[in-house]
file structure_24.cif (mmCIF, C-alpha atoms)
data_entry
#
loop_
_atom_site.group_PDB
_atom_site.id
_atom_site.type_symbol
_atom_site.label_atom_id
_atom_site.label_comp_id
_atom_site.auth_asym_id
_atom_site.auth_seq_id
_atom_site.Cartn_x
_atom_site.Cartn_y
_atom_site.Cartn_z
ATOM 1 C CA MET A 1082 0.000 0.000 0.000
ATOM 2 C CA ARG A 1083 2.836 2.380 0.935
ATOM 3 C CA LEU A 1084 4.643 1.554 -2.320
ATOM 4 C CA GLN A 1085 1.496 2.301 -4.310
ATOM 5 C CA ALA A 1086 1.134 5.655 -2.557
ATOM 6 C CA VAL A 1087 4.751 6.568 -3.324
ATOM 7 C CA LEU A 1088 4.306 5.609 -6.981
ATOM 8 C CA MET A 1089 1.141 7.674 -7.206
ATOM 9 C CA LEU A 1090 2.904 10.728 -5.772
ATOM 10 C CA LEU A 1091 5.756 10.251 -8.248
ATOM 11 C CA CYS A 1092 3.269 10.069 -11.121
ATOM 12 C CA ILE A 1093 1.541 13.259 -9.963
ATOM 13 C CA ALA A 1094 4.886 15.047 -9.634
ATOM 14 C CA SER A 1095 5.874 13.884 -13.093
ATOM 15 C CA TRP A 1096 2.584 15.075 -14.568
ATOM 16 C CA LEU A 1097 2.915 18.484 -12.898
ATOM 17 C CA SER A 1098 6.462 18.925 -14.127
ATOM 18 C CA GLY A 1099 5.307 18.032 -17.643
ATOM 19 C CA THR A 1100 2.500 20.582 -17.708
ATOM 20 C CA GLU A 1101 4.344 23.573 -16.282
ATOM 21 C CA SER A 1102 7.155 25.535 -17.933
ATOM 22 C CA ASP A 1103 8.844 28.294 -15.917
ATOM 23 C CA GLY A 1104 5.673 28.749 -13.874
ATOM 24 C CA ARG A 1105 3.406 28.790 -16.936
ATOM 25 C CA LYS A 1106 1.007 26.008 -17.857
ATOM 26 C CA GLU A 1107 1.887 24.318 -21.120
ATOM 27 C CA PRO A 1108 -0.738 25.007 -23.788
ATOM 28 C CA SER A 1109 -3.244 22.405 -24.894
ATOM 29 C CA GLN A 1110 -3.440 21.174 -28.487
ATOM 30 C CA ARG A 1111 -6.485 23.397 -28.890
ATOM 31 C CA LEU A 1112 -4.555 26.477 -27.793
ATOM 32 C CA LEU A 1113 -1.544 25.567 -29.950
ATOM 33 C CA THR A 1114 -3.852 25.183 -32.942
ATOM 34 C CA PHE A 1115 -5.407 28.589 -32.253
ATOM 35 C CA LEU A 1116 -2.008 30.257 -31.842
ATOM 36 C CA SER A 1117 -0.714 28.728 -35.056
ATOM 37 C CA LEU A 1118 -3.752 29.921 -37.021
ATOM 38 C CA TYR A 1119 -3.569 33.343 -35.342
ATOM 39 C CA SER A 1120 0.148 33.839 -35.968
ATOM 40 C CA GLY A 1121 0.662 35.457 -39.340
ATOM 41 C CA SER A 1122 0.188 38.385 -41.669
ATOM 42 C CA PHE A 1123 -3.352 39.036 -42.935
ATOM 43 C CA GLY A 1124 -4.764 41.424 -45.522
ATOM 44 C CA ASN A 1125 -7.903 42.185 -47.521
ATOM 45 C CA ALA A 1126 -6.254 43.523 -50.702
ATOM 46 C CA GLN A 1127 -8.110 40.917 -52.768
ATOM 47 C CA GLN A 1128 -11.471 42.049 -51.366
ATOM 48 C CA VAL A 1129 -10.713 45.736 -52.006
ATOM 49 C CA LYS A 1130 -9.601 45.013 -55.579
ATOM 50 C CA GLN A 1131 -12.801 43.095 -56.308
ATOM 51 C CA GLU A 1132 -14.878 46.018 -54.994
ATOM 52 C CA LEU A 1133 -12.948 48.531 -57.107
ATOM 53 C CA ASP A 1134 -13.351 46.354 -60.194
ATOM 54 C CA SER A 1135 -17.062 45.721 -59.726
ATOM 55 C CA LEU A 1136 -18.299 48.921 -58.026
ATOM 56 C CA GLY A 1137 -15.723 51.489 -59.016
ATOM 57 C CA HIS A 1138 -15.019 52.218 -55.344
ATOM 58 C CA ALA A 1139 -14.124 50.262 -52.220
ATOM 59 C CA VAL A 1140 -16.652 49.809 -49.419
ATOM 60 C CA HIS A 1141 -14.020 48.339 -47.084
ATOM 61 C CA ASP A 1142 -10.743 49.927 -45.999
ATOM 62 C CA ALA A 1143 -7.479 48.365 -47.164
ATOM 63 C CA ILE A 1144 -6.097 46.784 -44.003
ATOM 64 C CA ASP A 1145 -3.019 44.723 -43.187
ATOM 65 C CA GLY A 1146 -2.602 43.060 -39.828
ATOM 66 C CA ALA A 1147 0.269 41.158 -38.280
ATOM 67 C CA PHE A 1148 -0.039 38.882 -35.256
ATOM 68 C CA ARG A 1149 3.305 37.605 -33.998
ATOM 69 C CA SER A 1150 4.399 35.439 -31.121
ATOM 70 C CA VAL A 1151 6.815 37.519 -29.015
ATOM 71 C CA SER A 1152 8.612 37.283 -25.706
ATOM 72 C CA VAL A 1153 8.023 40.271 -23.427
ATOM 73 C CA PRO A 1154 10.253 40.154 -20.313
ATOM 74 C CA ALA A 1155 8.058 42.856 -18.721
ATOM 75 C CA LEU A 1156 5.250 40.260 -18.646
ATOM 76 C CA PRO A 1157 7.009 37.155 -17.321
ATOM 77 C CA ASP A 1158 5.167 33.826 -17.406
ATOM 78 C CA LYS A 1159 2.654 35.262 -19.884
ATOM 79 C CA LEU A 1160 1.931 33.958 -23.372
ATOM 80 C CA THR A 1161 2.212 37.114 -25.460
ATOM 81 C CA PHE A 1162 1.573 38.203 -29.044
ATOM 82 C CA TYR A 1163 2.188 41.525 -30.775
ATOM 83 C CA LEU A 1164 -0.595 42.980 -32.942
ATOM 84 C CA GLU A 1165 0.091 45.669 -35.512
ATOM 85 C CA GLN A 1166 -2.744 46.903 -37.718
ATOM 86 C CA VAL A 1167 -2.109 49.147 -40.709
ATOM 87 C CA VAL A 1168 -4.893 50.998 -42.575
ATOM 88 C CA TYR A 1169 -3.882 52.459 -45.935
ATOM 89 C CA GLY A 1170 -0.229 52.310 -44.921
ATOM 90 C CA VAL A 1171 -0.669 54.039 -41.541
ATOM 91 C CA VAL A 1172 -0.260 52.213 -38.213
ATOM 92 C CA LYS A 1173 -3.612 52.448 -36.423
ATOM 93 C CA ARG A 1174 -3.321 49.796 -33.734
ATOM 94 C CA MET A 1175 -0.386 48.460 -31.738
ATOM 95 C CA LEU A 1176 -1.166 46.061 -28.920
ATOM 96 C CA ILE A 1177 0.454 43.442 -26.759
ATOM 97 C CA LEU A 1178 -1.977 40.539 -26.371
ATOM 98 C CA VAL A 1179 -1.833 38.240 -23.345
ATOM 99 C CA ILE A 1180 -3.422 34.931 -24.298
ATOM 100 C CA ASP A 1181 -4.739 32.133 -22.079
ATOM 101 C CA GLU A 1182 -7.230 29.274 -22.153
ATOM 102 C CA ASP A 1183 -9.810 28.826 -19.407
ATOM 103 C CA ASP A 1184 -11.199 25.609 -17.947
ATOM 104 C CA MET A 1185 -14.082 25.628 -20.457
ATOM 105 C CA GLY A 1186 -11.688 25.734 -23.435
ATOM 106 C CA ALA A 1187 -12.365 29.393 -24.274
ATOM 107 C CA ILE A 1188 -9.378 31.368 -25.557
ATOM 108 C CA ARG A 1189 -9.201 34.660 -23.652
ATOM 109 C CA ILE A 1190 -7.080 37.578 -24.848
ATOM 110 C CA ASP A 1191 -6.280 40.634 -22.718
ATOM 111 C CA PRO A 1192 -5.048 43.619 -24.792
ATOM 112 C CA TYR A 1193 -2.378 46.019 -23.516
ATOM 113 C CA ASN A 1194 -1.917 49.465 -25.079
ATOM 114 C CA PHE A 1195 1.465 51.127 -25.472
ATOM 115 C CA THR A 1196 1.533 54.242 -23.278
ATOM 116 C CA ASP A 1197 3.533 56.110 -25.942
ATOM 117 C CA PRO A 1198 2.784 54.535 -29.336
ATOM 118 C CA THR A 1199 4.350 57.535 -31.128
ATOM 119 C CA LYS A 1200 7.739 55.891 -30.597
ATOM 120 C CA TYR A 1201 6.714 53.353 -33.226
ATOM 121 C CA SER A 1202 4.809 54.799 -36.157
ATOM 122 C CA VAL A 1203 6.291 53.014 -39.174
ATOM 123 C CA PRO A 1204 4.735 49.676 -40.262
ATOM 124 C CA GLY A 1205 7.047 46.797 -39.396
ATOM 125 C CA GLN A 1206 9.334 49.052 -37.334
ATOM 126 C CA PHE A 1207 9.485 46.635 -34.401
ATOM 127 C CA ASP A 1208 12.261 44.068 -34.541
ATOM 128 C CA VAL A 1209 10.346 41.268 -32.858
ATOM 129 C CA THR A 1210 13.574 39.402 -32.034
ATOM 130 C CA LYS A 1211 14.900 42.114 -29.708
ATOM 131 C CA ASP A 1212 12.810 45.285 -29.365
ATOM 132 C CA PHE A 1213 10.427 43.826 -26.800
ATOM 133 C CA ASP A 1214 13.351 43.289 -24.433
ATOM 134 C CA GLU A 1215 13.353 47.094 -24.080
ATOM 135 C CA VAL A 1216 9.634 47.358 -23.272
ATOM 136 C CA ARG A 1217 9.075 48.048 -19.585
ATOM 137 C CA LEU A 1218 5.910 47.385 -17.612
ATOM 138 C CA GLU A 1219 5.272 51.133 -17.377
ATOM 139 C CA ASP A 1220 5.324 51.259 -21.195
ATOM 140 C CA LEU A 1221 2.156 49.153 -21.235
ATOM 141 C CA SER A 1222 -1.362 49.891 -20.075
ATOM 142 C CA PRO A 1223 -3.892 47.037 -19.696
ATOM 143 C CA GLN A 1224 -7.312 47.672 -21.151
ATOM 144 C CA ARG A 1225 -10.270 47.212 -18.828
ATOM 145 C CA GLN A 1226 -11.902 43.833 -18.261
ATOM 146 C CA GLU A 1227 -14.792 44.437 -20.654
ATOM 147 C CA CYS A 1228 -12.237 44.773 -23.468
ATOM 148 C CA GLN A 1229 -11.253 41.102 -23.264
ATOM 149 C CA ILE A 1230 -11.408 39.220 -26.588
ATOM 150 C CA VAL A 1231 -12.871 35.708 -26.400
ATOM 151 C CA TYR A 1232 -12.713 32.852 -28.922
ATOM 152 C CA MET A 1233 -14.318 29.405 -28.890
ATOM 153 C CA GLN A 1234 -13.472 26.494 -31.143
ATOM 154 C CA THR A 1235 -16.547 25.485 -33.124
ATOM 155 C CA GLU A 1236 -15.040 22.783 -35.328
ATOM 156 C CA LEU A 1237 -11.670 21.499 -36.507
ATOM 157 C CA ASN A 1238 -9.361 24.492 -37.147
ATOM 158 C CA VAL A 1239 -12.209 27.009 -36.807
ATOM 159 C CA PHE A 1240 -12.510 29.537 -33.958
ATOM 160 C CA VAL A 1241 -15.288 32.109 -33.568
ATOM 161 C CA GLY A 1242 -14.890 35.104 -31.312
ATOM 162 C CA THR A 1243 -16.075 38.514 -30.173
ATOM 163 C CA PHE A 1244 -13.789 41.507 -29.923
ATOM 164 C CA PRO A 1245 -14.732 44.630 -27.968
ATOM 165 C CA ASP A 1246 -12.787 47.576 -29.386
ATOM 166 C CA CYS A 1247 -11.840 49.759 -26.449
ATOM 167 C CA ASN A 1248 -9.873 52.097 -28.690
ATOM 168 C CA CYS A 1249 -13.221 53.138 -30.181
ATOM 169 C CA ILE A 1250 -15.882 54.152 -27.653
ATOM 170 C CA GLU A 1251 -19.452 54.738 -28.811
ATOM 171 C CA ASN A 1252 -22.135 55.991 -26.390
ATOM 172 C CA GLY A 1253 -19.798 55.294 -23.474
ATOM 173 C CA ALA A 1254 -19.229 51.661 -24.371
ATOM 174 C CA PRO A 1255 -16.646 49.918 -26.543
ATOM 175 C CA GLY A 1256 -17.647 48.912 -30.040
ATOM 176 C CA LYS A 1257 -18.136 45.179 -30.435
ATOM 177 C CA GLY A 1258 -17.526 42.973 -33.437
ATOM 178 C CA ALA A 1259 -17.315 39.323 -34.378
ATOM 179 C CA VAL A 1260 -14.495 37.390 -35.991
ATOM 180 C CA THR A 1261 -14.002 33.911 -37.432
ATOM 181 C CA LEU A 1262 -10.500 32.463 -37.634
ATOM 182 C CA SER A 1263 -9.793 29.482 -39.881
ATOM 183 C CA CYS A 1264 -7.141 27.970 -42.131
ATOM 184 C CA GLY A 1265 -7.424 30.532 -44.919
ATOM 185 C CA GLY A 1266 -7.506 33.634 -42.727
ATOM 186 C CA MET A 1267 -10.161 35.518 -40.805
ATOM 187 C CA THR A 1268 -13.413 37.356 -41.427
ATOM 188 C CA ALA A 1269 -14.430 40.247 -39.184
ATOM 189 C CA LEU A 1270 -17.656 42.177 -38.764
ATOM 190 C CA VAL A 1271 -17.142 45.874 -38.018
ATOM 191 C CA TYR A 1272 -20.461 47.624 -37.576
ATOM 192 C CA TRP A 1273 -19.905 50.486 -35.112
ATOM 193 C CA ARG A 1274 -19.523 53.931 -36.615
ATOM 194 C CA GLU A 1275 -16.727 55.139 -34.331
ATOM 195 C CA SER A 1276 -14.415 52.362 -35.492
ATOM 196 C CA ILE A 1277 -10.990 53.146 -36.920
ATOM 197 C CA GLU A 1278 -12.006 51.038 -39.904
ATOM 198 C CA GLN A 1279 -14.853 51.823 -42.296
ATOM 199 C CA ASP A 1280 -17.923 50.148 -40.818
ATOM 200 C CA ASN A 1281 -19.934 47.844 -43.051
ATOM 201 C CA ILE A 1282 -22.702 45.294 -42.729
ATOM 202 C CA LEU A 1283 -20.579 42.951 -44.841
ATOM 203 C CA PRO A 1284 -17.552 41.339 -43.169
ATOM 204 C CA TYR A 1285 -13.930 42.155 -43.855
ATOM 205 C CA ASP A 1286 -12.279 39.204 -45.583
ATOM 206 C CA PHE A 1287 -8.647 38.899 -44.508
ATOM 207 C CA LYS A 1288 -6.576 36.286 -46.314
ATOM 208 C CA LYS A 1289 -3.576 34.812 -44.555
ATOM 209 C CA ILE A 1290 -0.492 35.909 -46.471
ATOM 210 C CA VAL A 1291 2.323 34.564 -44.295
ATOM 211 C CA SER A 1292 2.430 32.182 -41.335
ATOM 212 C CA TYR A 1293 4.900 33.058 -38.575
ATOM 213 C CA PRO A 1294 6.404 30.296 -36.418
ATOM 214 C CA LEU A 1295 5.554 30.242 -32.740
ATOM 215 C CA LEU A 1296 8.375 30.964 -30.320
ATOM 216 C CA PRO A 1297 9.842 27.912 -28.575
ATOM 217 C CA TYR A 1298 9.260 29.415 -25.100
ATOM 218 C CA ILE A 1299 5.540 28.691 -25.524
ATOM 219 C CA ALA A 1300 6.063 24.931 -25.313
ATOM 220 C CA PRO A 1301 8.700 22.383 -26.359
ATOM 221 C CA GLY A 1302 8.509 22.071 -30.144
ATOM 222 C CA ALA A 1303 6.031 24.954 -30.504
ATOM 223 C CA GLU A 1304 8.109 26.480 -33.305
ATOM 224 C CA ASN A 1305 7.470 23.332 -35.370
ATOM 225 C CA PHE A 1306 3.770 22.988 -34.580
ATOM 226 C CA ARG A 1307 1.462 23.203 -37.597
ATOM 227 C CA PRO A 1308 -2.306 22.705 -37.742
ATOM 228 C CA PRO A 1309 -3.474 20.041 -40.208
ATOM 229 C CA CYS A 1310 -4.531 22.708 -42.728
ATOM 230 C CA ASP A 1311 -1.227 24.554 -42.835
ATOM 231 C CA CYS A 1312 -0.006 25.028 -46.402
ATOM 232 C CA HIS A 1313 2.731 27.628 -45.987
#
call {"tool": "encode", "arguments": {"input": "structure_24.cif", "output": "structure tokens"}}
result
Amino acid sequence: MRLQAVLMLLCIASWLSGTESDGRKEPSQRLLTFLSLYSGSFGNAQQVKQELDSLGHAVHDAIDGAFRSVSVPALPDKLTFYLEQVVYGVVKRMLILVIDEDDMGAIRIDPYNFTDPTKYSVPGQFDVTKDFDEVRLEDLSPQRQECQIVYMQTELNVFVGTFPDCNCIENGAPGKGAVTLSCGGMTALVYWRESIEQDNILPYDFKKIVSYPLLPYIAPGAENFRPPCDCH
């Protein structure tokens, strides 16, 4: 009986050591799949071109967005991404995203603003391999709780989410939109008038242009993880 108890404790210790990395829980396959789909460069140039060709004018803004896995020493033990959104060649959004998965399998993303975004105003100016080492905690400002972005997996390699936009307040509340993330890219509904982007009842159609590898700090072998649909 005593031997069985010792073996059980050893098994539990082994399991705990296998699911924690530097104080951070190792991500599930679901979260790794989400991160791999999320990590990349997206754009709607094809959608804008089709509108210009068929209507003579675009009803959606030309937007490019980059989501990249980064290491931010100012946020230790956090799984972090950098978001940069460019509208007609001008940087409109720069955020650090802290990503986690709850017990129900929902992917929860807490956005952090840069307190002085004017330091970085040129698209692609950040060197993601080193610049975030210089970011201090006081350089970041967490958005309030109601600004949290939430995704749920609805089927294989498909995640559907809501994104409150706390950079755009309308009638005292953040604008809210919906987004679907899948193998080919993401579609997003933007239907509040105070949005940075042109609002429209039809979704933005962002194609995935480039896939970025995940950083190895996320989990052993994360940089080699690919969802079944990956074709890049």
call {"tool": "resolve_selection", "arguments": {"input": "structure_24.cif", "expression": "the PyMOL selection byres ((chain A and resi 1155-1168) around 7)", "output": "MDAnalysis selection string"}}
result
chainID A and resid 1103:1105 1142:1154 1169:1180 1204 1216:1218 1299
call {"tool": "atom_distance", "arguments": {"input": "structure_24.cif", "atom1": "CA of Asn1281 (chain A)", "atom2": "CA of Phe1115 (chain A)"}}
result
26.4 Å
call {"tool": "atom_distance", "arguments": {"input": "structure_24.cif", "atom1": "CA of Gly1242 (chain A)", "atom2": "CA of Thr1261 (chain A)"}}
result
6.3 Å
call {"tool": "resolve_selection", "arguments": {"input": "structure_24.cif", "expression": "the PyMOL selection byres ((chain A and resi 1108-1110) around 8)", "output": "CSV table (one decimal) with C-alpha atoms, in the coordinates of the input"}}
result
chain,number,residue,atom,x,y,z
A,1106,LYS,CA,1.0,26.0,-17.9
A,1107,GLU,CA,1.9,24.3,-21.1
A,1111,ARG,CA,-6.5,23.4,-28.9
A,1112,LEU,CA,-4.6,26.5,-27.8
A,1113,LEU,CA,-1.5,25.6,-30.0
A,1114,THR,CA,-3.9,25.2,-32.9
A,1182,GLU,CA,-7.2,29.3,-22.2
A,1299,ILE,CA,5.5,28.7,-25.5
A,1300,ALA,CA,6.1,24.9,-25.3
call {"tool": "closest_residue", "arguments": {"input": "structure_24.cif", "among": "A:Gly1258, A:Pro1198, A:Pro1308, A:Gly1121", "to": "Ser1292 (chain A)", "atoms": "all atoms listed in the file"}}
result
A:Gly1121
call {"tool": "resolve_selection", "arguments": {"input": "structure_24.cif", "expression": "the PyMOL selection byres ((chain A and resi 1259) around 7)", "output": "number ranges by chain"}}
result
A: 1242-1244, 1258, 1260, 1269-1270
call {"tool": "atom_distance", "arguments": {"input": "structure_24.cif", "atom1": "CA of Ser1117 (chain A)", "atom2": "CA of Val1129 (chain A)"}}
result
26.0 Å
call {"tool": "residues_around", "arguments": {"input": "structure_24.cif", "residues": "Ile1188 (chain A)", "least_positions_apart": "3", "cutoff": "6 Å", "atoms": "only C-alpha atoms", "output": "MDAnalysis selection string"}}
result
chainID A and resid 1181:1182 1231:1232
call {"tool": "write_last_selection", "arguments": {"input": "structure_24.cif", "atoms": "C-alpha atoms", "output": "PDB file, in the frame of the given file"}}
result
ATOM      1  CA  ASP A1181      -4.739  32.133 -22.079  1.00  0.00           C
ATOM      2  CA  GLU A1182      -7.230  29.274 -22.153  1.00  0.00           C
ATOM      3  CA  VAL A1231     -12.871  35.708 -26.400  1.00  0.00           C
ATOM      4  CA  TYR A1232     -12.713  32.852 -28.922  1.00  0.00           C
TER       5      TYR A1232
END
call {"tool": "closest_residue", "arguments": {"input": "structure_24.cif", "among": "A:Arg1307, A:Phe1195, A:Glu1278, A:Gln1226", "to": "Leu1295 (chain A)", "atoms": "all atoms listed in the file"}}
result
A:Arg1307
call {"tool": "decode", "arguments": {"input": "structure_24.cif", "residues": "region 1130-1142 of chain A", "atoms": "N, CA, C and O atoms", "output": "PDB file, in the first residue's frame"}}
result
ATOM      1  N   LYS A1130      -9.747  45.017 -54.115  1.00  0.00           N
ATOM      2  CA  LYS A1130      -9.601  45.013 -55.579  1.00  0.00           C
ATOM      3  C   LYS A1130     -10.895  44.587 -56.253  1.00  0.00           C
ATOM      4  O   LYS A1130     -11.314  45.174 -57.266  1.00  0.00           O
ATOM      5  N   GLN A1131     -11.544  43.556 -55.726  1.00  0.00           N
ATOM      6  CA  GLN A1131     -12.801  43.095 -56.308  1.00  0.00           C
ATOM      7  C   GLN A1131     -13.864  44.184 -56.234  1.00  0.00           C
ATOM      8  O   GLN A1131     -14.645  44.367 -57.174  1.00  0.00           O
ATOM      9  N   GLU A1132     -13.900  44.936 -55.129  1.00  0.00           N
ATOM     10  CA  GLU A1132     -14.878  46.018 -54.994  1.00  0.00           C
ATOM     11  C   GLU A1132     -14.587  47.148 -55.987  1.00  0.00           C
ATOM     12  O   GLU A1132     -15.510  47.703 -56.592  1.00  0.00           O
ATOM     13  N   LEU A1133     -13.312  47.488 -56.146  1.00  0.00           N
ATOM     14  CA  LEU A1133     -12.948  48.531 -57.107  1.00  0.00           C
ATOM     15  C   LEU A1133     -13.308  48.118 -58.534  1.00  0.00           C
ATOM     16  O   LEU A1133     -13.817  48.925 -59.318  1.00  0.00           O
ATOM     17  N   ASP A1134     -13.059  46.841 -58.841  1.00  0.00           N
ATOM     18  CA  ASP A1134     -13.351  46.354 -60.194  1.00  0.00           C
ATOM     19  C   ASP A1134     -14.845  46.306 -60.480  1.00  0.00           C
ATOM     20  O   ASP A1134     -15.294  46.616 -61.590  1.00  0.00           O
ATOM     21  N   SER A1135     -15.631  45.915 -59.480  1.00  0.00           N
ATOM     22  CA  SER A1135     -17.062  45.721 -59.726  1.00  0.00           C
ATOM     23  C   SER A1135     -17.906  46.955 -59.423  1.00  0.00           C
ATOM     24  O   SER A1135     -18.923  47.203 -60.084  1.00  0.00           O
ATOM     25  N   LEU A1136     -17.501  47.764 -58.435  1.00  0.00           N
ATOM     26  CA  LEU A1136     -18.299  48.921 -58.026  1.00  0.00           C
ATOM     27  C   LEU A1136     -17.692  50.251 -58.427  1.00  0.00           C
ATOM     28  O   LEU A1136     -18.385  51.278 -58.424  1.00  0.00           O
ATOM     29  N   GLY A1137     -16.405  50.235 -58.712  1.00  0.00           N
ATOM     30  CA  GLY A1137     -15.723  51.489 -59.016  1.00  0.00           C
ATOM     31  C   GLY A1137     -15.195  52.192 -57.789  1.00  0.00           C
ATOM     32  O   GLY A1137     -14.501  53.202 -57.879  1.00  0.00           O
ATOM     33  N   HIS A1138     -15.526  51.678 -56.604  1.00  0.00           N
ATOM     34  CA  HIS A1138     -15.019  52.218 -55.344  1.00  0.00           C
ATOM     35  C   HIS A1138     -15.023  51.106 -54.304  1.00  0.00           C
ATOM     36  O   HIS A1138     -15.740  50.105 -54.444  1.00  0.00           O
ATOM     37  N   ALA A1139     -14.209  51.272 -53.278  1.00  0.00           N
ATOM     38  CA  ALA A1139     -14.124  50.262 -52.220  1.00  0.00           C
ATOM     39  C   ALA A1139     -15.080  50.607 -51.083  1.00  0.00           C
ATOM     40  O   ALA A1139     -15.197  51.776 -50.699  1.00  0.00           O
ATOM     41  N   VAL A1140     -15.768  49.607 -50.568  1.00  0.00           N
ATOM     42  CA  VAL A1140     -16.652  49.809 -49.419  1.00  0.00           C
ATOM     43  C   VAL A1140     -16.007  49.299 -48.129  1.00  0.00           C
ATOM     44  O   VAL A1140     -16.608  49.396 -47.054  1.00  0.00           O
ATOM     45  N   HIS A1141     -14.815  48.733 -48.240  1.00  0.00           N
ATOM     46  CA  HIS A1141     -14.020  48.339 -47.084  1.00  0.00           C
ATOM     47  C   HIS A1141     -12.663  49.040 -47.167  1.00  0.00           C
ATOM     48  O   HIS A1141     -12.134  49.258 -48.259  1.00  0.00           O
ATOM     49  N   ASP A1142     -12.091  49.379 -46.021  1.00  0.00           N
ATOM     50  CA  ASP A1142     -10.743  49.927 -45.999  1.00  0.00           C
ATOM     51  C   ASP A1142      -9.730  48.851 -46.346  1.00  0.00           C
ATOM     52  O   ASP A1142      -9.966  47.653 -46.111  1.00  0.00           O
TER      53      ASP A1142
END
